[in-house]
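Have a look at input-v7.tsv below; it lists TSV, C-alpha atoms.
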chain	number	residue	atom	x	y	z
G	91	MET	CA	-16.77	7.82	-2.20
G	92	ALA	CA	-14.87	4.57	-1.92
G	93	ALA	CA	-14.63	4.31	-5.68
G	94	VAL	CA	-13.48	7.89	-6.14
G	95	LEU	CA	-11.02	8.29	-3.29
G	96	SER	CA	-10.20	4.64	-2.84
G	97	SER	CA	-8.56	3.70	-2.52
G	98	ARG	CA	-2.20	5.86	12.71
G	99	ALA	CA	0.62	9.13	13.41
G	100	ALA	CA	3.05	10.09	16.26
G	101	PRO	CA	6.27	9.93	14.25
G	102	LEU	CA	8.78	7.31	15.20
G	103	PRO	CA	12.50	7.69	14.56
G	104	CYS	CA	12.76	7.85	10.78
G	105	SER	CA	14.88	10.91	10.26
G	106	PRO	CA	17.36	10.92	7.39
G	107	VAL	CA	21.03	10.17	7.81
G	108	LEU	CA	23.76	9.73	5.20
G	109	SER	CA	22.40	7.65	2.35
G	110	SER	CA	23.44	4.07	1.84
G	111	ALA	CA	23.18	1.93	-1.26
G	112	LYS	CA	24.75	-1.48	-1.46
G	113	PRO	CA	24.36	-4.70	-3.41
G	114	ILE	CA	22.68	-7.56	-1.64
G	115	PRO	CA	22.41	-11.26	-2.35
G	116	LYS	CA	19.51	-11.97	-4.67
G	117	PRO	CA	16.59	-12.90	-2.41
G	118	THR	CA	14.28	-15.80	-3.07
G	119	LEU	CA	11.00	-14.20	-4.05
G	120	ARG	CA	8.05	-15.15	-6.19
G	121	HIS	CA	5.69	-12.62	-7.69
G	122	SER	CA	2.02	-13.14	-6.69
G	123	VAL	CA	2.85	-16.10	-4.42
G	124	VAL	CA	5.50	-15.08	-1.91
G	125	ARG	CA	6.29	-17.39	0.96
G	126	CYS	CA	7.62	-16.04	4.23
G	127	THR	CA	10.58	-17.80	5.74
G	128	ALA	CA	10.41	-18.84	9.39
G	129	GLN	CA	12.42	-15.76	10.33
G	130	GLU	CA	10.19	-13.44	8.29
G	131	ALA	CA	6.95	-14.93	9.58
G	132	GLY	CA	8.12	-14.82	13.18
G	133	PRO	CA	7.85	-17.48	15.86
G	134	SER	CA	5.12	-20.01	15.34
G	135	THR	CA	2.05	-19.56	17.50
G	136	GLY	CA	0.93	-23.16	16.95
G	137	THR	CA	-2.44	-21.76	15.86
G	138	SER	CA	-3.81	-22.25	12.37
G	139	ILE	CA	-4.99	-19.25	10.41
G	140	THR	CA	-8.74	-19.46	9.90
G	141	PRO	CA	-11.39	-16.83	9.24
G	142	PRO	CA	-13.94	-16.00	11.93
G	143	PRO	CA	-16.64	-18.70	12.27
G	144	GLY	CA	-19.41	-18.16	9.77
G	145	PHE	CA	-17.59	-15.27	8.11
G	146	LYS	CA	-18.96	-14.19	4.75
G	147	PRO	CA	-17.35	-11.40	2.72
G	148	PRO	CA	-19.70	-8.42	2.32
G	149	GLU	CA	-21.01	-7.18	-0.99
G	150	PRO	CA	-19.18	-4.05	-2.17
G	151	LYS	CA	-21.03	-0.78	-1.60
G	152	ARG	CA	-20.20	2.29	-3.66
G	153	PHE	CA	-20.04	5.76	-2.13
G	154	SER	CA	-20.67	4.61	1.42
G	155	VAL	CA	-18.90	4.91	4.77
G	156	ARG	CA	-19.84	2.74	7.73
G	157	PRO	CA	-20.97	5.14	10.47
G	158	ASP	CA	-18.42	3.94	13.03
G	159	LYS	CA	-15.59	4.65	10.55
G	160	LEU	CA	-16.72	8.13	9.51
G	161	LEU	CA	-14.23	9.99	11.73
G	162	ASP	CA	-11.44	7.66	10.62
G	163	ILE	CA	-12.15	8.43	6.96
G	164	ILE	CA	-12.35	12.16	7.63
G	165	GLY	CA	-9.03	12.09	9.48
G	166	ALA	CA	-7.38	10.04	6.74
G	167	SER	CA	-8.76	12.43	4.09
G	168	LEU	CA	-6.69	15.32	5.48
G	169	ALA	CA	-3.80	13.98	3.45
G	170	LEU	CA	-5.49	14.97	0.20
G	171	PRO	CA	-5.22	18.77	0.59
G	172	PHE	CA	-1.83	18.64	2.32
G	173	ARG	CA	-0.32	16.49	-0.44
G	174	LEU	CA	-2.39	17.93	-3.30
G	175	GLY	CA	-3.50	14.50	-4.43
G	176	THR	CA	0.00	13.04	-4.79
G	177	GLY	CA	-0.42	9.28	-4.86
G	178	ALA	CA	-3.84	9.47	-6.52
G	179	PHE	CA	-2.65	9.40	-10.16
G	180	VAL	CA	-0.03	7.40	-12.02
G	181	LEU	CA	2.74	8.73	-14.21
G	182	GLY	CA	1.56	10.48	-17.39
G	183	TYR	CA	-2.09	10.39	-16.33
G	184	SER	CA	-4.59	11.93	-18.71
G	185	VAL	CA	-8.36	11.78	-18.96
G	186	SER	CA	-10.99	12.54	-21.54
G	187	PHE	CA	-14.78	12.39	-21.54
G	188	VAL	CA	-16.40	10.00	-24.01
G	189	SER	CA	-19.87	8.66	-24.61
G	190	GLN	CA	-20.95	5.62	-22.67
G	191	ASP	CA	-21.00	3.52	-25.85
G	192	ALA	CA	-17.34	4.34	-26.64
G	193	ILE	CA	-16.07	2.02	-23.90
G	194	PRO	CA	-17.31	-1.60	-23.83
G	195	SER	CA	-18.87	-3.01	-20.69
G	196	THR	CA	-15.95	-5.42	-20.35
G	197	GLN	CA	-13.57	-2.51	-19.78
G	198	TYR	CA	-13.28	-0.62	-16.50
G	199	ALA	CA	-14.27	3.03	-16.70
G	200	MET	CA	-15.88	5.39	-14.26
G	201	GLY	CA	-19.08	6.86	-15.62
G	202	PHE	CA	-21.99	9.13	-14.80
G	203	ALA	CA	-24.95	10.66	-16.66
G	204	GLY	CA	-24.19	8.75	-19.85
G	205	ILE	CA	-20.54	9.88	-19.89
G	206	LYS	CA	-17.47	7.77	-19.16
G	207	LEU	CA	-13.92	8.74	-18.27
G	208	LYS	CA	-11.26	7.42	-20.61
G	209	GLU	CA	-8.08	7.33	-18.54
G	210	THR	CA	-4.58	6.70	-19.84
G	211	SER	CA	-1.05	6.77	-18.45
G	212	LYS	CA	2.57	6.48	-19.59
G	213	LEU	CA	4.41	3.99	-17.45
G	214	GLY	CA	8.12	3.23	-17.42
G	215	PRO	CA	9.86	-0.18	-17.40
G	216	ARG	CA	8.15	-2.80	-15.27
G	217	PRO	CA	10.18	-4.69	-12.64
G	218	GLU	CA	10.01	-8.47	-12.88
G	219	LYS	CA	9.74	-8.84	-9.11
G	220	PRO	CA	8.05	-6.56	-6.57
G	221	ILE	CA	10.13	-3.92	-4.83
G	222	GLU	CA	10.54	-4.75	-1.12
G	223	ILE	CA	10.16	-1.98	1.45
G	224	TYR	CA	10.56	-2.10	5.22
G	225	GLU	CA	8.56	0.77	6.71
G	226	PHE	CA	5.58	1.80	8.80
G	227	GLU	CA	2.48	3.78	8.08
G	228	SER	CA	2.90	6.88	10.26
G	229	CYS	CA	6.44	7.83	9.13
G	230	PRO	CA	6.44	10.87	6.76
G	231	PHE	CA	9.60	9.65	5.01
G	232	CYS	CA	7.91	6.31	4.38
G	233	ARG	CA	4.85	8.08	3.04
G	234	LYS	CA	6.95	9.92	0.47
G	235	VAL	CA	8.29	6.64	-0.88
G	236	ARG	CA	4.84	5.04	-0.91
G	237	GLU	CA	3.57	7.99	-2.94
G	238	MET	CA	6.35	7.49	-5.47
G	239	THR	CA	5.63	3.78	-5.85
G	240	THR	CA	2.00	4.72	-6.48
G	241	VAL	CA	2.96	7.29	-9.13
G	242	LEU	CA	5.09	4.66	-10.85
G	243	ASP	CA	2.35	2.03	-10.45
G	244	LEU	CA	4.76	-0.41	-8.82
G	245	ASP	CA	3.74	-3.50	-6.91
G	246	VAL	CA	5.48	-3.50	-3.53
G	247	LEU	CA	6.03	-6.23	-0.99
G	248	PHE	CA	5.72	-4.34	2.28
G	249	TYR	CA	7.32	-5.65	5.47
G	250	PRO	CA	5.68	-3.62	8.27
G	251	CYS	CA	8.04	-2.34	10.97
G	252	PRO	CA	5.86	-0.95	13.77
G	253	LYS	CA	7.42	0.08	17.08
G	254	ASN	CA	8.10	-3.04	19.19
G	255	GLY	CA	7.35	-5.29	16.23
G	256	PRO	CA	9.25	-8.55	16.86
G	257	ASN	CA	9.95	-9.60	13.29
G	258	PHE	CA	10.58	-7.13	10.47
G	259	ARG	CA	11.95	-4.13	12.37
G	260	PRO	CA	14.82	-6.19	13.84
G	261	LYS	CA	15.36	-7.86	10.47
G	262	ALA	CA	15.60	-4.50	8.67
G	263	ILE	CA	18.08	-3.20	11.24
G	264	GLN	CA	20.15	-6.38	10.86
G	265	MET	CA	20.10	-6.14	7.06
G	266	GLY	CA	20.91	-2.45	6.73
G	267	GLY	CA	22.75	-1.77	9.97
G	268	LYS	CA	20.70	1.32	10.91
G	269	ARG	CA	17.60	2.08	12.94
G	270	GLN	CA	16.11	4.04	10.08
G	271	PHE	CA	13.11	3.76	7.78
G	272	PRO	CA	12.21	3.33	5.02
G	273	TYR	CA	14.64	0.67	3.85
G	274	MET	CA	14.23	-0.48	0.25
G	275	VAL	CA	15.44	-3.66	-1.39
G	276	ASP	CA	15.18	-4.11	-5.15
G	277	PRO	CA	15.57	-7.83	-5.92
G	278	ASN	CA	15.68	-7.01	-9.64
G	279	THR	CA	18.99	-5.13	-9.39
G	280	GLY	CA	20.47	-6.20	-6.04
G	281	VAL	CA	20.28	-2.61	-4.72
G	282	ALA	CA	19.40	-1.91	-1.09
G	283	MET	CA	19.24	1.62	0.28
G	284	TYR	CA	18.09	4.10	2.89
G	285	GLU	CA	17.10	7.77	2.44
G	286	SER	CA	13.61	8.49	1.16
G	287	ASP	CA	14.79	11.10	-1.37
G	288	ASP	CA	17.48	8.76	-2.71
G	289	ILE	CA	14.95	5.93	-2.98
G	290	ILE	CA	12.55	8.22	-4.84
G	291	ARG	CA	15.22	9.26	-7.34
G	292	TYR	CA	16.34	5.67	-7.81
G	293	LEU	CA	12.81	4.50	-8.55
G	294	ALA	CA	12.17	7.44	-10.89
G	295	ASN	CA	15.28	6.65	-12.91
G	296	LYS	CA	14.84	2.89	-12.94
G	297	TYR	CA	11.08	2.52	-13.36
G	298	GLY	CA	9.90	5.92	-14.58
G	299	ASP	CA	11.05	8.62	-16.98
G	300	GLY	CA	13.55	10.12	-14.55
G	301	THR	CA	11.28	12.89	-13.33
G	302	VAL	CA	10.12	13.31	-9.73
G	303	PRO	CA	6.64	14.84	-9.17
G	304	PRO	CA	6.73	18.42	-7.82
G	305	MET	CA	5.23	17.51	-4.45
G	306	LEU	CA	8.01	14.95	-3.95
G	307	SER	CA	10.86	17.27	-4.92
G	308	LEU	CA	10.44	20.15	-2.45
G	309	GLY	CA	12.90	18.94	0.17
G	310	LEU	CA	11.90	19.93	3.70
G	311	LEU	CA	8.49	21.18	2.52
G	312	THR	CA	7.71	17.75	1.11
G	313	THR	CA	8.59	16.09	4.40
G	314	LEU	CA	6.60	18.62	6.45
G	315	THR	CA	3.46	18.26	4.37
G	316	ALA	CA	3.83	14.48	4.43
G	317	GLY	CA	3.87	14.74	8.23
G	318	PHE	CA	0.92	17.15	8.33
G	319	ALA	CA	-1.00	14.70	6.14
G	320	MET	CA	-1.07	12.23	9.01
G	321	ILE	CA	-2.17	14.60	11.78
G	322	GLY	CA	-5.74	13.35	11.59
G	323	ARG	CA	-4.76	9.77	12.38
G	324	GLY	CA	-3.20	10.29	15.81
G	325	GLY	CA	-0.31	7.86	15.43
G	326	ARG	CA	-2.24	4.95	13.94
G	327	GLY	CA	-0.03	2.50	12.08
G	328	SER	CA	3.02	2.97	14.30
G	329	SER	CA	2.80	0.54	17.24
G	330	TYR	CA	2.67	-3.24	17.25
G	331	THR	CA	-0.43	-5.20	18.20
G	332	PRO	CA	0.35	-8.85	19.08
G	333	SER	CA	-0.66	-11.03	16.17
G	334	LYS	CA	-0.37	-14.44	14.53
G	335	PRO	CA	2.13	-14.36	11.64
G	336	PRO	CA	0.72	-15.46	8.29
G	337	PRO	CA	2.49	-18.23	6.32
G	338	LEU	CA	1.95	-16.17	3.14
G	339	PRO	CA	1.83	-12.40	2.66
G	340	LEU	CA	-1.64	-11.00	2.14
G	341	GLU	CA	-2.42	-9.17	-1.09
G	342	LEU	CA	-4.01	-5.72	-1.14
G	343	TRP	CA	-5.25	-3.77	-4.14
G	344	ALA	CA	-4.96	-0.17	-3.02
G	345	TYR	CA	-3.26	3.19	-3.52
G	346	GLU	CA	-1.66	5.76	-1.25
G	347	ALA	CA	-4.01	8.74	-1.58
G	348	SER	CA	-7.18	6.84	-0.67
G	349	PRO	CA	-8.36	7.28	2.95
G	350	PHE	CA	-10.21	3.97	2.70
G	351	CYS	CA	-6.99	2.19	1.76
G	352	LYS	CA	-5.04	4.05	4.43
G	353	ILE	CA	-7.10	2.82	7.38
G	354	VAL	CA	-6.68	-0.77	6.16
G	355	ARG	CA	-2.92	-0.32	5.74
G	356	GLU	CA	-2.69	1.03	9.30
G	357	VAL	CA	-4.09	-2.23	10.67
G	358	LEU	CA	-1.86	-4.36	8.43
G	359	VAL	CA	1.15	-2.47	9.85
G	360	GLU	CA	0.01	-2.66	13.47
G	361	LEU	CA	-0.55	-6.42	13.14
G	362	GLU	CA	2.84	-6.69	11.35
G	363	LEU	CA	1.26	-8.53	8.43
G	364	PRO	CA	3.49	-8.60	5.33
G	365	HIS	CA	1.48	-7.76	2.25
G	366	LEU	CA	1.94	-7.46	-1.47
G	367	LEU	CA	0.31	-4.20	-2.52
G	368	HIS	CA	-0.96	-3.95	-6.07
G	369	SER	CA	-1.02	-0.22	-6.76
G	370	THR	CA	-4.29	0.92	-8.35
G	371	ALA	CA	-4.24	4.73	-8.57
G	372	ARG	CA	-6.17	6.51	-11.30
G	373	GLY	CA	-4.70	5.55	-14.66
G	374	SER	CA	-3.33	2.23	-13.45
G	375	PRO	CA	-3.79	-0.73	-15.83
G	376	LYS	CA	-4.32	-2.86	-12.74
G	377	ARG	CA	-7.78	-1.36	-12.35
G	378	GLN	CA	-8.74	-3.30	-15.46
G	379	ILE	CA	-6.99	-6.42	-14.12
G	380	LEU	CA	-9.01	-6.31	-10.90
G	381	PHE	CA	-12.18	-5.53	-12.86
G	382	GLU	CA	-11.66	-8.66	-14.95
G	383	LYS	CA	-10.71	-10.68	-11.88
G	384	VAL	CA	-13.82	-10.00	-9.79
G	385	GLY	CA	-16.19	-8.16	-12.15
G	386	HIS	CA	-15.96	-4.92	-10.21
G	387	PHE	CA	-13.38	-2.30	-9.32
G	388	GLN	CA	-13.17	-0.72	-5.92
G	389	ALA	CA	-10.25	-0.15	-3.57
G	390	PRO	CA	-9.25	-1.50	-1.17
G	391	PHE	CA	-9.66	-5.14	-2.14
G	392	LEU	CA	-8.05	-7.81	0.07
G	393	GLU	CA	-6.99	-11.31	-0.92
G	394	ASP	CA	-5.84	-13.58	1.90
G	395	PRO	CA	-4.13	-16.72	0.50
G	396	ASN	CA	-3.95	-18.14	4.02
G	397	THR	CA	-7.73	-18.43	4.38
G	398	GLY	CA	-9.02	-18.03	0.84
G	399	ILE	CA	-10.99	-14.92	1.80
G	400	LYS	CA	-11.36	-12.21	-0.86
G	401	MET	CA	-13.26	-9.04	0.00
G	402	PHE	CA	-14.03	-5.38	-0.53
G	403	GLU	CA	-15.11	-2.75	2.04
G	404	SER	CA	-12.45	-1.17	4.24
G	405	ALA	CA	-14.39	-1.33	7.54
G	406	GLU	CA	-15.16	-5.01	7.11
G	407	ILE	CA	-11.59	-5.75	6.00
G	408	ILE	CA	-10.34	-4.20	9.25
G	409	ASP	CA	-12.77	-6.31	11.29
G	410	TYR	CA	-11.64	-9.42	9.42
G	411	LEU	CA	-7.92	-8.73	9.93
G	412	LYS	CA	-8.34	-8.16	13.66
G	413	ALA	CA	-10.58	-11.20	14.14
G	414	THR	CA	-8.27	-13.45	12.10
G	415	TYR	CA	-4.77	-12.31	13.10
G	416	ALA	CA	-4.88	-10.34	16.36
G	417	ILE	CA	-4.04	-12.33	19.47
G	418	GLN	CA	-6.97	-11.74	21.76
Just give me the structure of the file as structure tokens.
Amino acid sequence: MAAVLSSRAAPLPCSPVLSSAKPIPKPTLRHSVVRCTAQEAGPSTGTSITPPPGFKPPEPKRFSVRPDKLLDIIGASLALPFRLGTGAFVLGYSVSFVSQDAIPSTQYAMGFAGIKLKETSKLGPRPEKPIEIYEFESCPFCRKVREMTTVLDLDVLFYPCPKNGPNFRPKAIQMGGKRQFPYMVDPNTGVAMYESDDIIRYLANKYGDGTVPPMLSLGLLTTLTAGFAMIGRGGRGSSYTPSKPPPLPLELWAYEASPFCKIVREVLVELELPHLLHSTARGSPKRQILFEKVGHFQAPFLEDPNTGIKMFESAEIIDYLKATYAIQ
């Protein structure tokens, strides 16, 4: 299941107000290796970031759910029918069935019974630097934007803004002047803006073919179904858990529609851990990149440059994040 689907929600104030788009000074940002400033990382705890003693990343397991996470996965899966799979496929996705020999073993492809899926997509212009988004997991307006970044196969540097979070929520309010989320910054163009629908249209025009998927263009119905999609998570991903700020953002290979990815993202938001998300929905070329990188594709996959840990398996990733970053 993790390979197929893979990839918390009392709403906080994130209702739309009049849109705002304004140029910003070009931020200092590096793709793949992004360093947090002292303000972004938060106050120093004086504690080094180290993995749990004796920690060893688990071997990836296909089509499995750890028993204690079964209800979490079921609750997170409610998003699939409510959103009709939006955020599971990239722009221009198409698939055909070919023989197993038609695709070499060095190329990622899902297969069964001697048949493999040949998946293709039609992506728009690629940004040089990741889009930056200040948001939190349980906000329906934020979900809409995350779905669009998945459709466009964009890498995004997420700055989590949970309720009572001491670092990125105040910073976002200072930058944009409003207590409203999501807040997007595009370092490639100098554009910063509020309003989920405006952000979606901007991204579609700049990094897609100008079209917005049907499930993201239904106005109030889109927002309602995005909210219903999070009913099964009971407000997870909305409130801050005291944590140690990482010197470097973590990196997560994931995509919005996956319930396995969602439960990991909830913990990243609650711990206020900035993370660079490499979108890997069906049809994404980054599936092949990860396949070549580690010899296997499965989402989520976490890379922590602060400890050197690289790992699959959502349940174990959650345990690792809490043991490494939560202040006990």
Considering all atoms listed in the file, give me a table of residues in range 178-233 of chain G that are at most 9 Å from range 343-353 of chain G, with the closest atom pair and distance in Å for each, as a Markdown table.
| residue | atom | partner | partner_atom | distance |
| --- | --- | --- | --- | --- |
| G:Ala178 | CA | G:Ala347 | CA | 5.0 |
| G:Phe179 | CA | G:Ala347 | CA | 8.7 |
| G:Glu227 | CA | G:Lys352 | CA | 8.4 |
| G:Arg233 | CA | G:Glu346 | CA | 8.1 |
Choose the residue, out of G:Leu213, G:Val275, G:Ala316, G:Leu242, that has the smallest atom-to-atom separation from Glu225 in chain G; count all atoms listed in the file.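 Of the candidates, the smallest distance to Glu225 in chain G is held by G:Val275.
Nearest-residue note for Ile408 in chain G: choosing from G:Val357, G:Leu247, G:Val185, G:Ile263, the minimum distance belongs to G:Val357, counting only C-alpha atoms.
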- Quick one: distance from CA of Gln190 in chain G to CA of Val384 in chain G in Å, one decimal?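 Interatomic distance here is 21.5 Å.
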Using all atoms listed in the file, the best pick from G:Leu358, G:Ala371, G:Gln388, G:Phe318 as closest to Pro171 in chain G would be G:Phe318
Notebook entry, point to check: Which value, in Å to one decimal, gives the distance between CA of Phe226 in chain G and CA of Gly165 in chain G?
Noted result: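 Taking CA of Phe226 in chain G and CA of Gly165 in chain G, their separation equals 17.9 Å.
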Within 12 Å of Thr312 in chain G using all atoms listed in the file, minus same-chain residues under 3 positions, as a ChimeraX atom specification = /G:172-174,176,230-235,237,286-287,302-309,315-319
For the residues selected in the previous step, produce a file with C-alpha atoms as a PDB file, in the frame of the given file.
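So the final result, stored in again.pdb, reads:
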ATOM      1  CA  PHE G 172      -1.830  18.640   2.320  1.00  0.00           C
ATOM      2  CA  ARG G 173      -0.320  16.490  -0.440  1.00  0.00           C
ATOM      3  CA  LEU G 174      -2.390  17.930  -3.300  1.00  0.00           C
ATOM      4  CA  THR G 176       0.000  13.040  -4.790  1.00  0.00           C
ATOM      5  CA  PRO G 230       6.440  10.870   6.760  1.00  0.00           C
ATOM      6  CA  PHE G 231       9.600   9.650   5.010  1.00  0.00           C
ATOM      7  CA  CYS G 232       7.910   6.310   4.380  1.00  0.00           C
ATOM      8  CA  ARG G 233       4.850   8.080   3.040  1.00  0.00           C
ATOM      9  CA  LYS G 234       6.950   9.920   0.470  1.00  0.00           C
ATOM     10  CA  VAL G 235       8.290   6.640  -0.880  1.00  0.00           C
ATOM     11  CA  GLU G 237       3.570   7.990  -2.940  1.00  0.00           C
ATOM     12  CA  SER G 286      13.610   8.490   1.160  1.00  0.00           C
ATOM     13  CA  ASP G 287      14.790  11.100  -1.370  1.00  0.00           C
ATOM     14  CA  VAL G 302      10.120  13.310  -9.730  1.00  0.00           C
ATOM     15  CA  PRO G 303       6.640  14.840  -9.170  1.00  0.00           C
ATOM     16  CA  PRO G 304       6.730  18.420  -7.820  1.00  0.00           C
ATOM     17  CA  MET G 305       5.230  17.510  -4.450  1.00  0.00           C
ATOM     18  CA  LEU G 306       8.010  14.950  -3.950  1.00  0.00           C
ATOM     19  CA  SER G 307      10.860  17.270  -4.920  1.00  0.00           C
ATOM     20  CA  LEU G 308      10.440  20.150  -2.450  1.00  0.00           C
ATOM     21  CA  GLY G 309      12.900  18.940   0.170  1.00  0.00           C
ATOM     22  CA  THR G 315       3.460  18.260   4.370  1.00  0.00           C
ATOM     23  CA  ALA G 316       3.830  14.480   4.430  1.00  0.00           C
ATOM     24  CA  GLY G 317       3.870  14.740   8.230  1.00  0.00           C
ATOM     25  CA  PHE G 318       0.920  17.150   8.330  1.00  0.00           C
ATOM     26  CA  ALA G 319      -1.000  14.700   6.140  1.00  0.00           C
TER      27      ALA G 319
END
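Of the listed residues (G:Leu363, G:Ala199, G:Ile223, G:Ala405), G:Ala405 comes nearest to Val155 in chain G; the distances count all atoms listed in the file.
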